[in-house]
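Engineer: If you scroll down you'll find the structure; I have some questions about it.
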Amino acid sequence: REAPVVLGIESSCDETGIGIVRGSQLLANAVSSSMDEHVRFGGVIPEIASRAHLEAMIPTLEKALADAELTLDDVDAIAVTSGPGLAGALMVGVAAAKALAFAANKPLYAINHLVAHVGVGVLDGGELPKNLGALLVSGGHTEILKIDNLTSDVTLLGATIDDAAGEAYDKVARLLGLGYPGGPAIDRAAKEGNPKAIRFPRGLSVPKFMGTAEEPGPHRYDFSFSGLKTAVSRAVEHFDKNGQEVPVADVAASFQEAVVDVITKKAVLACQEHGLTTLLLGGGVAANSRLRELLAARCQSAGIELRIPPFSLCTDNGAMVAALGAQVVMAGIEPSGITFGTDTGQP
Ligand code: KG4
Ligand code: ZN
C-alpha cells in the first residue's frame, strides 16, 4: 500500500503552518508567522496570534497545496495540533481541520505538538532509531522526552517549571535593550562577550533537586529559568546603581552560558540514565550557536548521536504535524473523530 498523503495544520503559538507529506517525504511546508505583530509587546499576545491565524489559515493552505501541486482530493488524511499551546490559537487550527475533514470527508487526527517536534525527524534522515531521546527548546516549551514508540509510547522525563528557555532569552534581551525576538539578538551579542564574566545560577542543579541516579530528586531533569532572569535583572541594576555602563555582551554571554550549560548537562544525563543513544533537538532555540556547540561536544563525550533537523523543521511548522500524522496513519491508529477538544497544558 502506498504511503499516505497527510496534510498537517499547526497553530499552537504564533506560526500558522500547513505542511503536506507523503509518508516520510516532505511535499510542502507553508508557514506564516505573526511574530512581527508581537514585536512591540516583547512577547506573543494570544488574542493577536488567534486573529492572525484566522487571517492566514486559508492563504497558507492554498500555498501548501500549490507548492505540493496537489488538491484536497489527493490528501488521504488531515492532522492537526490539538495541544499543548495557546487555547485561542489552537482553536483556529482545530476548527479549520474539522471543517476541512468534514467538507472533504477525510479522516482527522489530533496531534500532540511536542511529539510532532520529534516526529518531524523522519523527514530528515528517515526512520527514527531505537533508544531515542528528544530535547525541545523553544519560546513556549523546554522538555526532555524519551521515545519508545513515536505513536504510542512517549514519556516526559523533564520540563521547565516556570519560563521556557526561549522565553528567558526574550525577557533577558528586553532587559538588555536588545529587542525581540531575543534569542538571535543574545546569540549575536554573546559572541563579543565573556561567558565567565558573571556566574549566573544554574536552575534546579543543587543536590536537593537533583538527587542521585539511584534516588532521583524531585527535579532531576527539570529546568527553571525565572531565578536566572531575576539574577540578570539584579546584575543590570547593580551596574546602573554604580553609574557603570552595563557590559551587555558579557551579561548576554554569561546568561547564555548558564542556560546552555544546564540544558545540555541535564539532557545528556537523562540520556545516559535511560539508555538513550540518540538525541534529537527541536524548537526555535535549536538555532542557538552555543547550544549546538556545547550539546555536540557533550553528546560526543557521552557517545550519544545528536540529530538536528534543518532549522525550518525545528521551529513550529505544519510539516511536523503532517509527518507525525502520517506515522499515526501508518501505525493503523483510529482517527480522532470530529469532536475532540484542545489541550492547553503539558502532556
Ligand atoms: O520554536 P519557535 O519558533 O516558537 C515557539 O516558541 O514555539 O521558537 C521561538 C523561540 C524564541 O523565544 C526565540 O527567541 C528563540 O526561539 N530563538 C533563539 C534563537 N533563535 C530563536 N534562542 C536562542 N538563540 C537563537 N539563535
Ligand atoms: Zn513548538
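By convention in this document, the chains of the C-alpha cells carry letters A, B, ... by their order, each chain's residues are numbered from 1, and ligands are numbered from 1 in the order they are shown.
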List all protein, DNA and RNA residues that have an atom no more than 7 Å from any atom of ligand 1, counting only C-alpha atoms and all ligand atoms, and report them as a ChimeraX atom specification.

Structural biologist: /A:13,138-141,166-167,169-170,181-184,186-187,283-289,314-316

Engineer: Give me the residues near Leu65 (chain A) as a list in words, where near means some atom within 8 Å (using only C-alpha atoms) and where sequence neighbours in that chain fewer than 5 positions away do not count.

Structural biologist: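 Returned residues: Ile20, Ala28, Leu70, Thr71 and Leu72 of chain A.
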
Engineer: For the strand (DSSP E) assignment from backbone DSSP, which residues of region 127-327 of chain A qualify? Please present them as a PDB file with C-alpha atoms, in the first residue's frame.

Structural biologist:
ATOM      1  CA  LEU A 132      15.685   7.839  21.193  1.00  0.00           C
ATOM      2  CA  GLY A 133      15.557  10.930  23.383  1.00  0.00           C
ATOM      3  CA  ALA A 134      14.498  14.434  22.436  1.00  0.00           C
ATOM      4  CA  LEU A 135      15.373  17.867  23.738  1.00  0.00           C
ATOM      5  CA  LEU A 136      12.781  20.511  22.835  1.00  0.00           C
ATOM      6  CA  VAL A 137      13.670  24.133  23.465  1.00  0.00           C
ATOM      7  CA  THR A 142      11.505  23.213  27.285  1.00  0.00           C
ATOM      8  CA  GLU A 143      11.321  19.441  27.658  1.00  0.00           C
ATOM      9  CA  ILE A 144      13.284  16.217  27.666  1.00  0.00           C
ATOM     10  CA  LEU A 145      11.357  13.301  26.175  1.00  0.00           C
ATOM     11  CA  LYS A 146      12.001   9.562  25.952  1.00  0.00           C
ATOM     12  CA  ILE A 147      10.544   7.991  22.839  1.00  0.00           C
ATOM     13  CA  ASP A 148       9.908   4.250  22.986  1.00  0.00           C
ATOM     14  CA  ASN A 149       7.321   4.387  20.232  1.00  0.00           C
ATOM     15  CA  ASP A 153       4.817   5.458  23.978  1.00  0.00           C
ATOM     16  CA  VAL A 154       6.410   8.831  24.694  1.00  0.00           C
ATOM     17  CA  THR A 155       7.471   9.776  28.242  1.00  0.00           C
ATOM     18  CA  LEU A 156       8.102  13.254  29.549  1.00  0.00           C
ATOM     19  CA  LEU A 157      11.303  12.952  31.591  1.00  0.00           C
ATOM     20  CA  GLY A 158      11.671  16.623  32.474  1.00  0.00           C
ATOM     21  CA  ALA A 159      10.364  20.090  31.721  1.00  0.00           C
ATOM     22  CA  THR A 278      20.382   9.224  20.027  1.00  0.00           C
ATOM     23  CA  LEU A 279      19.206  12.707  20.964  1.00  0.00           C
ATOM     24  CA  LEU A 280      17.024  14.758  18.641  1.00  0.00           C
ATOM     25  CA  LEU A 281      16.973  18.526  19.088  1.00  0.00           C
ATOM     26  CA  GLY A 282      13.891  20.607  18.275  1.00  0.00           C
ATOM     27  CA  GLU A 305      24.417  10.592  18.486  1.00  0.00           C
ATOM     28  CA  LEU A 306      22.975  14.085  18.051  1.00  0.00           C
ATOM     29  CA  ARG A 307      20.365  14.732  15.361  1.00  0.00           C
TER      30      ARG A 307
END

Engineer: Identify, on the basis of only C-alpha atoms, every residue whose closest approach to Val6 (chain A) does not exceed 9 Å; exclude the query and any residue fewer than 6 positions from it along the same chain; express the result as an MDAnalysis selection string.

Structural biologist: chainID A and resid 19:23 75:79 321:323 325:326 329

Engineer: Leaving out region 128-131 of chain A and any residue of its chain fewer than 5 positions from it, which residues lie within 7 Å of it when counting only C-alpha atoms, given as a list in words?

Structural biologist: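 The filter keeps Gly121, Val122, Asp148, Gly275, Leu276, Thr277 and Thr278 of chain A.
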
Engineer: Just the selected residues (N, CA and C atoms), exported as a PDB file, in the first residue's frame, please.

Structural biologist:
ATOM      1  N   GLY A 121      11.487  14.409  12.654  1.00  0.00           N
ATOM      2  CA  GLY A 121      12.785  13.793  12.364  1.00  0.00           C
ATOM      3  C   GLY A 121      12.737  12.804  11.209  1.00  0.00           C
ATOM      4  N   VAL A 122      11.587  12.175  10.954  1.00  0.00           N
ATOM      5  CA  VAL A 122      11.502  11.192   9.858  1.00  0.00           C
ATOM      6  C   VAL A 122      11.671  11.862   8.491  1.00  0.00           C
ATOM      7  N   ASP A 148       9.830   5.697  23.188  1.00  0.00           N
ATOM      8  CA  ASP A 148       9.908   4.250  22.986  1.00  0.00           C
ATOM      9  C   ASP A 148       9.159   3.864  21.726  1.00  0.00           C
ATOM     10  N   GLY A 275      19.493   5.041  28.989  1.00  0.00           N
ATOM     11  CA  GLY A 275      19.997   4.237  27.871  1.00  0.00           C
ATOM     12  C   GLY A 275      19.608   4.790  26.507  1.00  0.00           C
ATOM     13  N   LEU A 276      19.501   6.107  26.412  1.00  0.00           N
ATOM     14  CA  LEU A 276      19.140   6.717  25.137  1.00  0.00           C
ATOM     15  C   LEU A 276      20.417   7.017  24.353  1.00  0.00           C
ATOM     16  N   THR A 277      20.508   6.483  23.152  1.00  0.00           N
ATOM     17  CA  THR A 277      21.766   6.587  22.403  1.00  0.00           C
ATOM     18  C   THR A 277      21.706   7.624  21.285  1.00  0.00           C
ATOM     19  N   THR A 278      20.507   8.134  21.000  1.00  0.00           N
ATOM     20  CA  THR A 278      20.382   9.224  20.027  1.00  0.00           C
ATOM     21  C   THR A 278      19.550  10.323  20.663  1.00  0.00           C
TER      22      THR A 278
END

Engineer: My list of candidates is A:Asp250, A:Glu237, A:Asp163, A:Glu257. Which is closest to Leu175 (chain A) when distances are computed with only C-alpha atoms?

Structural biologist: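 Residue with the minimum atom-to-atom distance to Leu175 (chain A): A:Glu237.
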
Engineer: Which residues come within 9 Å of Ser205 (chain A), counting only C-alpha atoms, excluding same-chain residues fewer than 3 positions away, as a PyMOL selection string?

Structural biologist: chain A and resi 201-202+208-210+219-220+223+262+266
